[in-house]
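Colleague: The structure follows.
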Amino acid sequence: MPVIVGKISQEFINEQKTRIQNLITGKRELLALPQDNLTSEEVYDNSKIKGAQDITKINQDITGLENALLRIHNKVYGICIDCGNDIPTARLRSCPEATRCTDCATKHERKN
Ligand SMILES: [Zn+2]
């Protein structure tokens, strides 16, 4: 399998790092929100984080994002864990924690 490394610019990686850190901060704030004493409007706004399942999901998201930061640190960010090709930057923009390129992600999802 071809291993193509280093096509993603350092500038983009730095951008992603900031984006990921902001996402983690935002999600941590969601978890820290008081669940009681909210106005009805706030309850509506926060309805998505109601319930243990959603909190689990947020924690999973945070873990995924933290792993992305770790991959940036280890200089393997943006490299597909299955085929070793670069993950398209458009995909990384919409899904900063992506570990697979579009093809491999589709294959992986089919398997599961
Ligand atoms: Zn791949």
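Chains: A, B, ... in order of the structure tokens. Residues: from 1 per chain. Ligands: from 1, in order shown.
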Residues within 7 Å of ligand 1 (only C-alpha atoms and all ligand atoms), as an mmCIF file with N, CA and C atoms, in the first residue's frame?

Modeller:
```cif
data_model
loop_
_atom_site.group_PDB
_atom_site.id
_atom_site.type_symbol
_atom_site.label_atom_id
_atom_site.label_comp_id
_atom_site.auth_asym_id
_atom_site.auth_seq_id
_atom_site.Cartn_x
_atom_site.Cartn_y
_atom_site.Cartn_z
ATOM 1 N N CYS A 80 -4.826 8.546 6.560
ATOM 2 C CA CYS A 80 -5.811 7.485 6.754
ATOM 3 C C CYS A 80 -5.174 6.292 7.467
ATOM 4 N N ILE A 81 -5.829 5.813 8.559
ATOM 5 C CA ILE A 81 -5.258 4.719 9.343
ATOM 6 C C ILE A 81 -5.369 3.387 8.597
ATOM 7 N N ASP A 82 -6.199 3.335 7.556
ATOM 8 C CA ASP A 82 -6.343 2.084 6.814
ATOM 9 C C ASP A 82 -5.409 2.007 5.609
ATOM 10 N N CYS A 83 -5.416 3.041 4.756
ATOM 11 C CA CYS A 83 -4.654 2.947 3.505
ATOM 12 C C CYS A 83 -3.402 3.825 3.498
ATOM 13 N N GLY A 84 -3.271 4.722 4.476
ATOM 14 C CA GLY A 84 -2.070 5.546 4.550
ATOM 15 C C GLY A 84 -2.057 6.744 3.620
ATOM 16 N N ASN A 85 -3.136 6.941 2.879
ATOM 17 C CA ASN A 85 -3.223 8.119 2.021
ATOM 18 C C ASN A 85 -3.671 9.330 2.843
ATOM 19 N N ARG A 100 -10.026 8.177 8.847
ATOM 20 C CA ARG A 100 -10.008 7.443 7.582
ATOM 21 C C ARG A 100 -10.366 8.365 6.429
ATOM 22 N N CYS A 101 -9.829 8.063 5.243
ATOM 23 C CA CYS A 101 -10.241 8.791 4.053
ATOM 24 C C CYS A 101 -11.679 8.397 3.708
ATOM 25 N N THR A 102 -12.271 9.113 2.788
ATOM 26 C CA THR A 102 -13.684 8.901 2.491
ATOM 27 C C THR A 102 -13.951 7.449 2.080
ATOM 28 N N ASP A 103 -13.101 6.908 1.195
ATOM 29 C CA ASP A 103 -13.264 5.528 0.724
ATOM 30 C C ASP A 103 -13.218 4.525 1.864
ATOM 31 N N CYS A 104 -12.169 4.630 2.670
ATOM 32 C CA CYS A 104 -11.997 3.671 3.765
ATOM 33 C C CYS A 104 -13.101 3.820 4.816
#
```

Colleague: Report as a PyMOL selection string all protein, DNA and RNA residues lying within 12 Å of Ala90 (chain A), evaluated on only C-alpha atoms, omitting residues in the same chain fewer than 6 positions from it.

Modeller: chain A and resi 8+12+16+78+96+98+101-102

Colleague: Here is a test: counting only C-alpha atoms, which residue of A:Asn22, A:Cys95, A:Ile13, A:Ile62 is nearest to Val76 (chain A)?

Modeller: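 Ranking A:Asn22, A:Cys95, A:Ile13, A:Ile62 by distance to Val76 (chain A), first place goes to A:Ile13.
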
Colleague: Can you tell me which residues surround Thr18 (chain A) at a distance of at most 12 Å, considering only C-alpha atoms, apart from same-chain residues fewer than 6 positions away, and format the answer as an MDAnalysis selection string?

Modeller: chainID A and resid 11:12 24:25 65 68:69 72 93 96

Colleague: Using C-alpha atoms, can you write the selected residues to a file as a PDB file, in the first residue's frame?

Modeller:
```pdb
ATOM      1  CA  GLU A  11      -0.731  25.858   8.032  1.00  0.00           C
ATOM      2  CA  PHE A  12      -3.825  23.695   7.615  1.00  0.00           C
ATOM      3  CA  ILE A  24     -13.280  20.357  22.817  1.00  0.00           C
ATOM      4  CA  THR A  25     -13.780  23.509  24.912  1.00  0.00           C
ATOM      5  CA  LEU A  65     -11.043  15.120  19.197  1.00  0.00           C
ATOM      6  CA  ALA A  68      -6.933  13.989  16.784  1.00  0.00           C
ATOM      7  CA  LEU A  69      -4.767  16.392  18.806  1.00  0.00           C
ATOM      8  CA  ILE A  72      -1.244  16.171  15.264  1.00  0.00           C
ATOM      9  CA  ARG A  93     -12.647  20.536   7.847  1.00  0.00           C
ATOM     10  CA  PRO A  96     -11.644  17.160  12.228  1.00  0.00           C
TER      11      PRO A  96
END
```

Colleague: Please report the interatomic distance between CA of Glu66 (chain A) and CA of Arg19 (chain A) in Å with one decimal.

Modeller: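 Distance reported for this atom pair: 11.8 Å.
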
Colleague: What does the structure give for the distance between CA of Arg110 (chain A) and CA of Asn74 (chain A), in Å to one decimal?

Modeller: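 CA of Asn74 (chain A) lies at a distance of 28.9 Å from CA of Arg110 (chain A).
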
Colleague: Check region 55-111 of chain A with DSSP on the backbone and list each residue it calls alpha helix (DSSP H), as a PyMOL selection string.

Modeller: chain A and resi 55-73+89-94+102-111

Colleague: Can you write out the residues you just picked, keeping C-alpha atoms, as a PDB file, in the first residue's frame?

Modeller:
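Once written, selection.pdb looks like this:
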```
ATOM      1  CA  ILE A  55     -23.646  12.733  27.437  1.00  0.00           C
ATOM      2  CA  THR A  56     -21.932   9.493  26.396  1.00  0.00           C
ATOM      3  CA  LYS A  57     -21.938  10.752  22.811  1.00  0.00           C
ATOM      4  CA  ILE A  58     -20.373  14.086  23.843  1.00  0.00           C
ATOM      5  CA  ASN A  59     -17.703  12.230  25.814  1.00  0.00           C
ATOM      6  CA  GLN A  60     -16.992  10.038  22.783  1.00  0.00           C
ATOM      7  CA  ASP A  61     -16.721  13.150  20.623  1.00  0.00           C
ATOM      8  CA  ILE A  62     -14.261  14.687  23.088  1.00  0.00           C
ATOM      9  CA  THR A  63     -12.197  11.479  23.084  1.00  0.00           C
ATOM     10  CA  GLY A  64     -12.151  11.491  19.280  1.00  0.00           C
ATOM     11  CA  LEU A  65     -11.043  15.120  19.197  1.00  0.00           C
ATOM     12  CA  GLU A  66      -8.370  14.531  21.843  1.00  0.00           C
ATOM     13  CA  ASN A  67      -7.067  11.626  19.761  1.00  0.00           C
ATOM     14  CA  ALA A  68      -6.933  13.989  16.784  1.00  0.00           C
ATOM     15  CA  LEU A  69      -4.767  16.392  18.806  1.00  0.00           C
ATOM     16  CA  LEU A  70      -2.547  13.451  19.706  1.00  0.00           C
ATOM     17  CA  ARG A  71      -2.201  12.562  16.017  1.00  0.00           C
ATOM     18  CA  ILE A  72      -1.244  16.171  15.264  1.00  0.00           C
ATOM     19  CA  HIS A  73       1.378  15.908  18.006  1.00  0.00           C
ATOM     20  CA  THR A  89      -8.718  18.566   3.691  1.00  0.00           C
ATOM     21  CA  ALA A  90     -12.402  19.224   2.920  1.00  0.00           C
ATOM     22  CA  ARG A  91     -13.252  16.097   4.884  1.00  0.00           C
ATOM     23  CA  LEU A  92     -10.982  17.124   7.756  1.00  0.00           C
ATOM     24  CA  ARG A  93     -12.647  20.536   7.847  1.00  0.00           C
ATOM     25  CA  SER A  94     -16.104  19.053   8.297  1.00  0.00           C
ATOM     26  CA  THR A 102     -13.684   8.901   2.491  1.00  0.00           C
ATOM     27  CA  ASP A 103     -13.264   5.528   0.724  1.00  0.00           C
ATOM     28  CA  CYS A 104     -11.997   3.671   3.765  1.00  0.00           C
ATOM     29  CA  ALA A 105     -14.620   5.258   6.016  1.00  0.00           C
ATOM     30  CA  THR A 106     -17.369   4.059   3.665  1.00  0.00           C
ATOM     31  CA  LYS A 107     -15.878   0.547   3.615  1.00  0.00           C
ATOM     32  CA  HIS A 108     -15.478   0.588   7.385  1.00  0.00           C
ATOM     33  CA  GLU A 109     -19.082   1.655   7.924  1.00  0.00           C
ATOM     34  CA  ARG A 110     -20.327  -1.114   5.658  1.00  0.00           C
ATOM     35  CA  LYS A 111     -18.398  -3.674   7.706  1.00  0.00           C
TER      36      LYS A 111
END
```

Colleague: Quick check, in Å to one decimal: how far apart do CA of Ser9 (chain A) and CA of Glu97 (chain A) lie?

Modeller: 17.0 Å
